[in-house]
file protein-v5.tsv (TSV, C-alpha atoms and all ligand atoms)
chain	number	residue	atom	x	y	z
A	108	MET	CA	27.58	37.70	30.36
A	109	MET	CA	23.91	37.89	29.46
A	110	LYS	CA	21.79	39.47	32.21
A	111	GLU	CA	18.62	37.92	33.53
A	112	ILE	CA	15.46	39.75	34.54
A	113	VAL	CA	12.80	37.80	36.41
A	114	VAL	CA	9.28	39.22	36.48
A	115	VAL	CA	7.11	38.04	39.37
A	116	SER	CA	4.01	38.96	41.31
A	117	GLY	CA	2.45	37.61	44.46
A	118	LYS	CA	-0.51	36.28	42.47
A	119	GLY	CA	-1.56	35.70	38.88
A	120	GLY	CA	-3.25	38.22	36.62
A	121	THR	CA	-1.33	41.33	37.65
A	122	GLY	CA	0.34	41.95	34.29
A	123	LYS	CA	3.58	39.92	34.41
A	124	THR	CA	3.14	38.56	30.92
A	125	LEU	CA	2.30	42.01	29.59
A	126	VAL	CA	5.59	43.29	31.01
A	127	CYS	CA	7.62	40.30	29.77
A	128	ALA	CA	6.24	40.47	26.24
A	129	SER	CA	6.90	44.22	26.12
A	130	PHE	CA	10.47	43.82	27.41
A	131	ALA	CA	11.04	41.16	24.75
A	132	ALA	CA	9.77	43.48	22.03
A	133	LEU	CA	11.99	46.30	23.28
A	134	ALA	CA	15.06	44.06	23.61
A	135	GLY	CA	14.43	42.86	20.07
A	136	ASN	CA	16.52	39.72	20.45
A	137	ALA	CA	16.03	37.98	23.77
A	138	ILE	CA	15.75	34.63	25.43
A	139	LEU	CA	12.37	34.21	27.04
A	140	VAL	CA	11.53	31.68	29.72
A	141	ASP	CA	7.92	31.07	30.63
A	142	ALA	CA	8.36	29.76	34.17
A	143	ASP	CA	4.62	29.56	34.80
A	144	VAL	CA	4.44	25.92	33.77
A	145	GLU	CA	1.01	25.43	35.31
A	146	ALA	CA	-0.63	28.12	33.18
A	147	PRO	CA	1.84	29.03	30.41
A	148	ASN	CA	0.71	31.76	28.03
A	149	LEU	CA	3.77	33.86	27.14
A	150	ARG	CA	4.30	31.89	23.93
A	151	LEU	CA	0.89	33.01	22.66
A	152	VAL	CA	1.80	36.66	23.07
A	153	VAL	CA	5.28	36.48	21.57
A	154	GLY	CA	4.28	34.43	18.54
A	155	ALA	CA	6.09	31.19	19.29
A	156	GLY	CA	6.72	29.40	16.02
A	157	ARG	CA	9.05	26.65	14.86
A	158	ILE	CA	9.86	24.19	17.64
A	159	LEU	CA	13.60	23.54	17.89
A	160	GLU	CA	13.56	21.06	20.78
A	161	GLU	CA	10.91	18.98	22.52
A	162	HIS	CA	11.51	17.10	25.79
A	163	THR	CA	9.66	15.15	28.42
A	164	HIS	CA	10.32	15.90	32.07
A	165	SER	CA	10.41	13.26	34.77
A	166	ASP	CA	11.31	13.80	38.40
A	167	SER	CA	9.43	10.95	40.08
A	168	GLU	CA	8.38	7.35	39.55
A	169	VAL	CA	5.15	5.43	39.20
A	170	ALA	CA	4.44	1.74	39.95
A	171	ARG	CA	3.64	-0.59	37.04
A	172	VAL	CA	2.22	-4.10	37.43
A	173	ASP	CA	3.36	-6.93	35.21
A	174	THR	CA	0.02	-8.72	35.00
A	175	SER	CA	1.68	-11.88	33.69
A	176	LEU	CA	3.46	-12.23	37.06
A	177	CYS	CA	0.79	-10.85	39.41
A	178	LYS	CA	-1.06	-13.51	41.45
A	179	GLY	CA	-3.63	-11.08	42.85
A	180	CYS	CA	-2.58	-11.63	46.48
A	181	GLY	CA	-3.35	-8.00	47.42
A	182	LYS	CA	-0.21	-7.41	49.51
A	183	CYS	CA	0.67	-4.35	47.45
A	184	ALA	CA	-2.76	-2.80	48.12
A	185	GLU	CA	-2.30	-3.42	51.86
A	186	VAL	CA	0.98	-1.49	52.04
A	187	CYS	CA	-0.05	1.38	49.77
A	188	ARG	CA	-0.78	4.34	52.06
A	189	PHE	CA	-2.19	6.34	49.18
A	190	GLY	CA	-4.96	3.97	48.14
A	191	ALA	CA	-3.47	3.79	44.67
A	192	VAL	CA	-3.84	0.02	44.22
A	193	THR	CA	-7.09	-1.84	43.62
A	194	LEU	CA	-7.59	-5.49	42.79
A	195	ASP	CA	-9.41	-6.70	39.72
A	196	GLY	CA	-8.09	-10.23	39.56
A	197	VAL	CA	-4.66	-8.62	39.36
A	198	ALA	CA	-3.34	-5.43	40.95
A	199	VAL	CA	-4.25	-2.18	39.19
A	200	VAL	CA	-2.37	1.06	39.96
A	201	ASP	CA	-4.09	4.43	39.62
A	202	ASP	CA	-1.36	6.68	38.18
A	203	LEU	CA	-2.85	9.87	39.58
A	204	SER	CA	-2.91	8.49	43.15
A	205	CYS	CA	0.47	6.76	43.04
A	206	GLU	CA	3.12	8.78	44.89
A	207	GLY	CA	6.00	6.60	43.75
A	208	CYS	CA	6.99	5.53	47.27
A	209	ALA	CA	7.87	2.01	46.01
A	210	ALA	CA	6.42	0.24	49.08
A	211	CYS	CA	4.50	-2.10	46.75
A	212	PHE	CA	7.64	-2.75	44.73
A	213	TYR	CA	9.50	-3.97	47.82
A	214	THR	CA	6.50	-5.93	49.12
A	215	CYS	CA	5.40	-7.92	46.08
A	216	PRO	CA	6.46	-11.56	46.57
A	217	GLU	CA	6.18	-12.21	42.82
A	218	LYS	CA	8.36	-9.29	41.75
A	219	ALA	CA	5.44	-8.26	39.58
A	220	ILE	CA	5.87	-4.52	40.20
A	221	VAL	CA	8.44	-2.28	38.58
A	222	MET	CA	9.01	1.41	39.19
A	223	GLU	CA	9.07	3.49	36.01
A	224	PRO	CA	9.82	7.15	35.43
A	225	ARG	CA	6.64	9.21	35.55
A	226	ILE	CA	6.26	11.86	32.86
A	227	ASN	CA	5.55	14.96	34.97
A	228	GLY	CA	5.67	17.47	32.18
A	229	ARG	CA	6.94	18.49	28.77
A	230	TRP	CA	9.05	21.38	27.62
A	231	TRP	CA	10.05	23.01	24.39
A	232	VAL	CA	12.48	25.45	22.85
A	233	ALA	CA	10.91	27.45	20.05
A	234	GLU	CA	11.59	30.43	17.87
A	235	CYS	CA	9.48	33.49	18.54
A	236	ARG	CA	9.19	37.01	17.18
A	237	TYR	CA	11.76	38.33	19.65
A	238	GLY	CA	14.29	35.50	19.79
A	239	LEU	CA	13.83	32.16	21.52
A	240	ILE	CA	11.28	31.00	24.04
A	241	PHE	CA	11.75	28.17	26.54
A	242	HIS	CA	8.40	26.99	27.82
A	243	GLY	CA	6.98	23.93	29.52
A	244	ARG	CA	3.77	22.46	30.77
A	245	LEU	CA	3.08	20.29	33.79
A	246	GLU	CA	0.93	17.22	33.18
A	247	VAL	CA	-2.58	17.18	34.66
A	248	GLY	CA	-2.52	16.28	38.35
A	249	GLU	CA	1.20	16.99	38.78
A	250	GLY	CA	1.84	19.44	41.57
A	251	LEU	CA	5.60	19.97	41.81
A	252	SER	CA	6.54	22.44	39.11
A	253	GLY	CA	9.73	23.82	40.70
A	254	LYS	CA	11.96	21.16	39.17
A	255	LEU	CA	10.56	21.75	35.69
A	256	VAL	CA	11.16	25.49	36.10
A	257	ALA	CA	14.74	24.75	37.17
A	258	VAL	CA	15.26	22.56	34.09
A	259	LEU	CA	13.92	25.30	31.80
A	260	LYS	CA	16.14	27.94	33.36
A	261	GLU	CA	19.23	25.76	33.28
A	262	ARG	CA	18.73	24.98	29.60
A	263	ALA	CA	18.03	28.64	28.79
A	264	ARG	CA	21.25	29.68	30.54
A	265	LYS	CA	23.24	27.31	28.35
A	266	GLN	CA	21.79	28.76	25.15
A	267	SER	CA	24.50	30.24	23.00
A	268	GLY	CA	23.95	33.09	20.56
A	269	ASN	CA	23.95	36.83	20.51
A	270	TYR	CA	20.94	37.60	22.70
A	271	ARG	CA	20.60	40.84	24.63
A	272	LEU	CA	18.67	39.65	27.67
A	273	ARG	CA	17.12	36.67	29.37
A	274	ILE	CA	13.58	37.49	30.49
A	275	VAL	CA	11.78	35.11	32.82
A	276	ASP	CA	8.00	35.25	33.23
A	277	GLY	CA	7.76	33.91	36.77
A	278	PRO	CA	4.99	31.82	38.27
A	279	PRO	CA	2.51	33.46	40.65
A	280	GLY	CA	2.78	33.08	44.42
A	281	ILE	CA	5.85	32.50	46.57
A	282	GLY	CA	6.23	28.72	46.46
A	283	CYS	CA	8.93	26.41	45.19
A	284	PRO	CA	8.46	27.31	41.47
A	285	VAL	CA	8.99	30.98	42.31
A	286	LEU	CA	12.21	30.16	44.14
A	287	ALA	CA	13.37	28.20	41.09
A	288	ALA	CA	12.46	31.13	38.84
A	289	LEU	CA	14.29	33.66	41.02
A	290	THR	CA	17.52	31.69	41.32
A	291	GLY	CA	20.35	33.53	39.61
A	292	ALA	CA	18.32	36.62	38.67
A	293	ASP	CA	20.25	39.84	38.08
A	294	PHE	CA	17.15	41.91	38.72
A	295	VAL	CA	13.66	41.09	39.95
A	296	VAL	CA	10.69	43.07	38.69
A	297	VAL	CA	7.65	42.80	40.96
A	298	VAL	CA	4.43	43.70	39.17
A	299	THR	CA	1.56	44.54	41.46
A	300	GLU	CA	-1.82	46.26	41.41
A	301	PRO	CA	-3.04	49.21	43.50
A	302	THR	CA	-5.10	47.25	46.01
A	303	LEU	CA	-4.54	46.13	49.59
A	304	SER	CA	-4.14	42.55	48.45
A	305	GLY	CA	-1.70	43.79	45.79
A	306	LEU	CA	0.41	45.36	48.54
A	307	HIS	CA	0.20	42.21	50.65
A	308	ASP	CA	1.20	39.99	47.70
A	309	ALA	CA	4.06	42.32	46.78
A	310	GLU	CA	5.34	42.27	50.38
A	311	ARG	CA	5.46	38.49	50.34
A	312	VAL	CA	7.27	38.09	47.04
A	313	VAL	CA	9.68	40.95	47.79
A	314	GLY	CA	10.47	39.21	51.09
A	315	VAL	CA	11.40	36.04	49.24
A	316	ALA	CA	13.57	37.87	46.69
A	317	GLN	CA	15.35	39.86	49.40
A	318	HIS	CA	15.95	36.70	51.40
A	319	PHE	CA	18.14	35.61	48.48
A	320	GLY	CA	19.87	38.97	48.30
A	321	LEU	CA	18.43	39.87	44.90
A	322	LYS	CA	17.99	43.41	43.55
A	323	VAL	CA	14.27	44.18	43.45
A	324	GLY	CA	12.16	46.85	41.78
A	325	VAL	CA	8.41	47.35	41.93
A	326	CYS	CA	6.00	48.65	39.32
A	327	VAL	CA	2.28	49.21	39.73
A	328	ASN	CA	0.03	48.07	36.91
A	329	LYS	CA	-3.35	49.81	36.40
A	330	ALA	CA	-2.00	52.49	38.73
A	331	ASP	CA	-4.55	55.11	37.64
A	332	LEU	CA	-7.46	52.96	38.86
A	333	ASN	CA	-6.56	53.70	42.49
A	334	PRO	CA	-4.17	56.67	42.87
A	335	ASP	CA	-4.34	56.61	46.71
A	336	MET	CA	-3.26	53.00	46.87
A	337	THR	CA	-0.59	53.62	44.24
A	338	ALA	CA	0.79	56.39	46.49
A	339	LYS	CA	0.82	53.94	49.43
A	340	LEU	CA	2.73	51.43	47.34
A	341	HIS	CA	5.19	54.13	46.34
A	342	ASN	CA	5.79	54.99	50.02
A	343	TRP	CA	6.24	51.34	50.90
A	344	VAL	CA	8.82	50.92	48.11
A	345	ALA	CA	10.73	53.93	49.47
A	346	GLN	CA	10.61	52.60	53.05
A	347	LYS	CA	11.89	49.22	51.92
A	348	ARG	CA	14.61	50.87	49.83
A	349	LEU	CA	13.48	49.04	46.74
A	350	VAL	CA	13.75	50.46	43.24
A	351	TRP	CA	10.61	52.32	42.19
A	352	LEU	CA	10.05	51.29	38.59
A	353	GLY	CA	7.01	53.42	37.91
A	354	GLU	CA	3.35	53.14	37.06
A	355	LEU	CA	1.54	51.51	34.16
A	356	PRO	CA	-1.84	52.99	33.22
A	357	PHE	CA	-4.84	50.77	32.68
A	358	ASP	CA	-5.43	50.11	29.00
A	359	GLU	CA	-8.15	47.68	28.05
A	360	THR	CA	-6.87	47.38	24.48
A	361	ALA	CA	-3.57	45.93	25.74
A	362	TYR	CA	-5.24	42.70	26.78
A	363	SER	CA	-7.14	42.21	23.54
A	364	ALA	CA	-3.92	42.99	21.65
A	365	MET	CA	-2.06	40.36	23.67
A	366	ALA	CA	-4.79	37.83	22.94
A	367	ASN	CA	-4.10	38.51	19.25
A	368	GLY	CA	-0.36	38.06	19.69
A	369	THR	CA	0.66	41.73	19.80
A	370	SER	CA	2.87	43.09	22.53
A	371	PRO	CA	1.29	46.15	24.23
A	372	VAL	CA	4.43	48.18	23.61
A	373	GLU	CA	3.77	47.95	19.88
A	374	LEU	CA	0.36	49.59	20.25
A	375	GLY	CA	1.67	53.06	21.02
A	376	GLY	CA	-0.07	55.41	23.47
A	377	ARG	CA	0.34	55.98	27.22
A	378	LEU	CA	0.82	52.36	28.19
A	379	ALA	CA	3.50	51.82	25.54
A	380	ALA	CA	5.35	54.94	26.73
A	381	ALA	CA	5.16	53.76	30.35
A	382	LEU	CA	6.45	50.31	29.37
A	383	GLN	CA	9.37	51.87	27.50
A	384	SER	CA	10.21	53.94	30.57
A	385	LEU	CA	9.94	50.83	32.76
A	386	TYR	CA	12.30	48.93	30.46
A	387	ARG	CA	14.83	51.77	30.50
A	388	THR	CA	14.77	51.93	34.29
A	389	VAL	CA	15.23	48.19	34.67
A	390	THR	CA	18.09	47.97	32.18
A	391	GLN	CA	19.84	50.81	34.02
A	392	HIS	CA	19.89	48.62	37.13
A	393	ILE	CA	21.46	45.52	35.62
A	401	LIG	S1	1.70	-7.96	45.69
A	401	LIG	FE1	2.39	-8.52	43.66
A	401	LIG	S2	1.37	-10.44	43.21
A	401	LIG	FE2	0.31	-9.54	44.95
A	401	LIG	S3	-1.37	-8.38	43.98
A	401	LIG	FE3	0.33	-6.98	44.22
A	401	LIG	S4	1.41	-7.07	42.27
A	401	LIG	FE4	0.09	-8.86	42.37
A	402	LIG	S1	4.55	3.20	44.58
A	402	LIG	FE1	3.70	3.67	46.62
A	402	LIG	S2	1.98	5.01	46.13
A	402	LIG	FE2	2.51	3.98	44.23
A	402	LIG	S3	1.18	2.21	44.16
A	402	LIG	FE3	3.10	1.55	45.11
A	402	LIG	S4	2.77	1.76	47.29
A	402	LIG	FE4	1.17	2.93	46.28
call {"tool": "encode", "arguments": {"input": "protein-v5.tsv", "output": "structure tokens"}}
result
Amino acid sequence: MMKEIVVVSGKGGTGKTLVCASFAALAGNAILVDADVEAPNLRLVVGAGRILEEHTHSDSEVARVDTSLCKGCGKCAEVCRFGAVTLDGVAVVDDLSCEGCAACFYTCPEKAIVMEPRINGRWWVAECRYGLIFHGRLEVGEGLSGKLVAVLKERARKQSGNYRLRIVDGPPGIGCPVLAALTGADFVVVVTEPTLSGLHDAERVVGVAQHFGLKVGVCVNKADLNPDMTAKLHNWVAQKRLVWLGELPFDETAYSAMANGTSPVELGGRLAAALQSLYRTVTQHI
């Protein structure tokens, strides 16, 4: 069965996407899932191309007023705890404020309100340079991305074909979307930076992964910028009996290369060698 690696960090900007894109390049033929649906960018780095599937995602409802039935009595506005209804001759619902509780729907004496599915996000399956990428995007103002992440992962798991790995670029933080991203992982790669906050963030996300009994390894990005802190992180990994995955050196060119759609591992040099070593270590543990 295809193995799944989930790459996470306690916060954004630590190098998750750099690691995912490099793993994809090294695997050569992989399924990629960009589970950061609030700020997706993996597709830019891996050269997402032809779209094979396009879907809308809905996991809640929104109230709609049939203005031909509405008598403007205002009862719906009175029961709406979210201030989503105003009156302008007829009731008007503000989509962004509506929480879909349906109180207005049950209250309206004219049956002028219907509850409709709210489009919370969109997601796609596309070809990319290293296989397939499953990516999505939450609509503006939508805050619950965990369900969209779960949908992406479920669809990616069902993908047939001769792919070597499933690589998930996890969302930052430790909230519901991270839990959805971690579910079913064969190995969790925590990418952190050599700072106190990096250690704190890594502790939090490792705690979540261990709570679910997942195998966890830690790598330190930009390790050479703070060798003392990198050593502290190394000690912490040993104390926690996690897998030490190694250090990635800081390389400014990696980020400009990624912006141009090139995986850092294709650049050559110290960072590419460290990424290859990281990939080898991870694949030995799955
Ligand atoms: S309760 Fe019904 S009829 Fe009254 S304002 Fe609201 S939608 Fe219109
Ligand atoms: S569904 Fe709930 S939140 Fe939305 S307009 Fe009706 S009462 Fe307000």
call {"tool": "atom_distance", "arguments": {"input": "protein-v5.tsv", "atom1": "atom CA of Leu378 of chain A", "atom2": "atom CA of Gly122 of chain A"}}
result
12.1 Å
call {"tool": "closest_residue", "arguments": {"input": "protein-v5.tsv", "among": "A:Cys283, A:Ala338, A:Ala288, A:Cys177", "to": "Leu303 of chain A", "atoms": "all atoms listed in the file"}}
result
A:Ala338
call {"tool": "residues_near_ligand", "arguments": {"input": "protein-v5.tsv", "ligand": "ligand LIG 401 (chain A)", "cutoff": "6 Å", "atoms": "all atoms listed in the file", "output": "list in words"}}
result
Val172, Cys177, Lys178, Gly179, Cys180, Gly181, Lys182, Cys183, Val197, Ala198, Cys215, Pro216, Glu217, Ala219 and Ile220 of chain A
call {"tool": "residues_near_ligand", "arguments": {"input": "protein-v5.tsv", "ligand": "ligand LIG 402 (chain A)", "cutoff": "12 Å", "atoms": "all atoms listed in the file", "output": "MDAnalysis selection string"}}
result
chainID A and resid 167:172 181:194 198:215 219:225
call {"tool": "residues_near_point", "arguments": {"input": "protein-v5.tsv", "point": "(16.2, 33.3, 45.4)", "cutoff": "6 Å", "atoms": "all atoms listed in the file", "output": "list in words"}}
result
Leu286, Leu289, Thr290, Ala316 and Phe319 of chain A
call {"tool": "atom_distance", "arguments": {"input": "protein-v5.tsv", "atom1": "atom CA of Leu133 of chain A", "atom2": "atom CA of Met109 of chain A"}}
result
15.8 Å
call {"tool": "residues_around", "arguments": {"input": "protein-v5.tsv", "residues": "segment 265-274 of chain A", "least_positions_apart": "4", "cutoff": "6 Å", "atoms": "all atoms listed in the file", "output": "PyMOL selection string"}}
result
chain A and resi 109-113+136-139
call {"tool": "residues_around", "arguments": {"input": "protein-v5.tsv", "residues": "segment 359-376 of chain A", "least_positions_apart": "4", "cutoff": "8 Å", "atoms": "all atoms listed in the file", "output": "ChimeraX atom specification"}}
result
/A:125,128-129,132-133,151-154,380,382-383
call {"tool": "closest_residue", "arguments": {"input": "protein-v5.tsv", "among": "A:Leu355, A:Val350, A:Val140, A:Ala146", "to": "Ala263 of chain A", "atoms": "all atoms listed in the file"}}
result
A:Val140
call {"tool": "closest_residue", "arguments": {"input": "protein-v5.tsv", "among": "A:Thr299, A:Arg311, A:Gln346, A:Gln317", "to": "Ala330 of chain A", "atoms": "all atoms listed in the file"}}
result
A:Thr299
call {"tool": "build_atoms", "arguments": {"input": "protein-v5.tsv", "residues": "segment 235-246 of chain A", "atoms": "all heavy atoms", "output": "mmCIF file, in the frame of the given file"}}
result
data_model
loop_
_atom_site.group_PDB
_atom_site.id
_atom_site.type_symbol
_atom_site.label_atom_id
_atom_site.label_comp_id
_atom_site.auth_asym_id
_atom_site.auth_seq_id
_atom_site.Cartn_x
_atom_site.Cartn_y
_atom_site.Cartn_z
ATOM 1 N N CYS A 235 10.615 32.580 18.379
ATOM 2 C CA CYS A 235 9.480 33.490 18.540
ATOM 3 C C CYS A 235 9.854 34.822 17.894
ATOM 4 O O CYS A 235 10.980 34.981 17.417
ATOM 5 C CB CYS A 235 9.092 33.662 20.004
ATOM 6 S SG CYS A 235 10.261 34.609 20.981
ATOM 7 N N ARG A 236 8.936 35.752 17.900
ATOM 8 C CA ARG A 236 9.190 37.010 17.180
ATOM 9 C C ARG A 236 10.371 37.787 17.743
ATOM 10 O O ARG A 236 10.960 38.606 17.063
ATOM 11 C CB ARG A 236 7.937 37.893 17.241
ATOM 12 C CG ARG A 236 6.965 37.573 16.130
ATOM 13 C CD ARG A 236 5.843 38.553 16.078
ATOM 14 N NE ARG A 236 4.962 38.368 17.201
ATOM 15 C CZ ARG A 236 4.376 39.349 17.856
ATOM 16 N NH1 ARG A 236 4.593 40.585 17.518
ATOM 17 N NH2 ARG A 236 3.572 39.093 18.863
ATOM 18 N N TYR A 237 10.708 37.525 19.016
ATOM 19 C CA TYR A 237 11.760 38.330 19.650
ATOM 20 C C TYR A 237 12.984 37.514 20.019
ATOM 21 O O TYR A 237 13.782 37.945 20.843
ATOM 22 C CB TYR A 237 11.201 39.025 20.887
ATOM 23 C CG TYR A 237 9.867 39.677 20.642
ATOM 24 C CD1 TYR A 237 8.729 39.224 21.285
ATOM 25 C CD2 TYR A 237 9.751 40.734 19.734
ATOM 26 C CE1 TYR A 237 7.498 39.810 21.047
ATOM 27 C CE2 TYR A 237 8.521 41.315 19.482
ATOM 28 C CZ TYR A 237 7.398 40.849 20.140
ATOM 29 O OH TYR A 237 6.180 41.423 19.900
ATOM 30 N N GLY A 238 13.127 36.324 19.473
ATOM 31 C CA GLY A 238 14.290 35.500 19.790
ATOM 32 C C GLY A 238 13.869 34.060 20.006
ATOM 33 O O GLY A 238 13.241 33.450 19.149
ATOM 34 N N LEU A 239 14.190 33.540 21.193
ATOM 35 C CA LEU A 239 13.830 32.160 21.520
ATOM 36 C C LEU A 239 12.960 32.139 22.763
ATOM 37 O O LEU A 239 13.135 32.964 23.663
ATOM 38 C CB LEU A 239 15.090 31.335 21.824
ATOM 39 C CG LEU A 239 16.048 31.023 20.685
ATOM 40 C CD1 LEU A 239 17.193 30.161 21.217
ATOM 41 C CD2 LEU A 239 15.332 30.309 19.547
ATOM 42 N N ILE A 240 12.063 31.176 22.814
ATOM 43 C CA ILE A 240 11.280 31.000 24.040
ATOM 44 C C ILE A 240 11.425 29.566 24.538
ATOM 45 O O ILE A 240 11.349 28.615 23.762
ATOM 46 C CB ILE A 240 9.790 31.377 23.847
ATOM 47 C CG1 ILE A 240 9.031 31.130 25.162
ATOM 48 C CG2 ILE A 240 9.129 30.651 22.687
ATOM 49 C CD1 ILE A 240 7.696 31.829 25.245
ATOM 50 N N PHE A 241 11.677 29.452 25.849
ATOM 51 C CA PHE A 241 11.750 28.170 26.540
ATOM 52 C C PHE A 241 10.471 28.071 27.373
ATOM 53 O O PHE A 241 10.241 28.908 28.250
ATOM 54 C CB PHE A 241 12.973 28.119 27.462
ATOM 55 C CG PHE A 241 14.271 28.158 26.707
ATOM 56 C CD1 PHE A 241 14.687 29.322 26.075
ATOM 57 C CD2 PHE A 241 15.062 27.037 26.612
ATOM 58 C CE1 PHE A 241 15.878 29.358 25.365
ATOM 59 C CE2 PHE A 241 16.253 27.057 25.906
ATOM 60 C CZ PHE A 241 16.660 28.217 25.275
ATOM 61 N N HIS A 242 9.651 27.086 27.073
ATOM 62 C CA HIS A 242 8.400 26.990 27.820
ATOM 63 C C HIS A 242 8.056 25.535 28.083
ATOM 64 O O HIS A 242 8.493 24.630 27.349
ATOM 65 C CB HIS A 242 7.256 27.700 27.068
ATOM 66 C CG HIS A 242 6.948 27.147 25.713
ATOM 67 N ND1 HIS A 242 5.871 26.338 25.476
ATOM 68 C CD2 HIS A 242 7.582 27.286 24.527
ATOM 69 C CE1 HIS A 242 5.854 26.010 24.195
ATOM 70 N NE2 HIS A 242 6.878 26.559 23.596
ATOM 71 N N GLY A 243 7.313 25.299 29.140
ATOM 72 C CA GLY A 243 6.980 23.930 29.520
ATOM 73 C C GLY A 243 5.559 23.858 30.026
ATOM 74 O O GLY A 243 4.876 24.879 30.196
ATOM 75 N N ARG A 244 5.121 22.642 30.251
ATOM 76 C CA ARG A 244 3.770 22.460 30.770
ATOM 77 C C ARG A 244 3.766 21.230 31.668
ATOM 78 O O ARG A 244 4.255 20.168 31.291
ATOM 79 C CB ARG A 244 2.777 22.271 29.630
ATOM 80 C CG ARG A 244 1.330 22.391 30.077
ATOM 81 C CD ARG A 244 0.361 22.093 28.943
ATOM 82 N NE ARG A 244 0.506 20.725 28.486
ATOM 83 C CZ ARG A 244 0.626 20.366 27.207
ATOM 84 N NH1 ARG A 244 0.621 21.270 26.265
ATOM 85 N NH2 ARG A 244 0.765 19.098 26.872
ATOM 86 N N LEU A 245 3.210 21.403 32.857
ATOM 87 C CA LEU A 245 3.080 20.290 33.790
ATOM 88 C C LEU A 245 1.907 19.421 33.355
ATOM 89 O O LEU A 245 0.884 19.933 32.894
ATOM 90 C CB LEU A 245 2.801 20.881 35.167
ATOM 91 C CG LEU A 245 3.417 20.228 36.384
ATOM 92 C CD1 LEU A 245 4.918 20.124 36.265
ATOM 93 C CD2 LEU A 245 3.023 20.995 37.632
ATOM 94 N N GLU A 246 2.047 18.108 33.504
ATOM 95 C CA GLU A 246 0.930 17.220 33.180
ATOM 96 C C GLU A 246 -0.200 17.413 34.187
ATOM 97 O O GLU A 246 0.034 17.847 35.323
ATOM 98 C CB GLU A 246 1.391 15.757 33.222
ATOM 99 C CG GLU A 246 2.406 15.396 32.149
ATOM 100 C CD GLU A 246 1.828 15.404 30.742
ATOM 101 O OE1 GLU A 246 0.661 15.027 30.572
ATOM 102 O OE2 GLU A 246 2.555 15.802 29.805
#
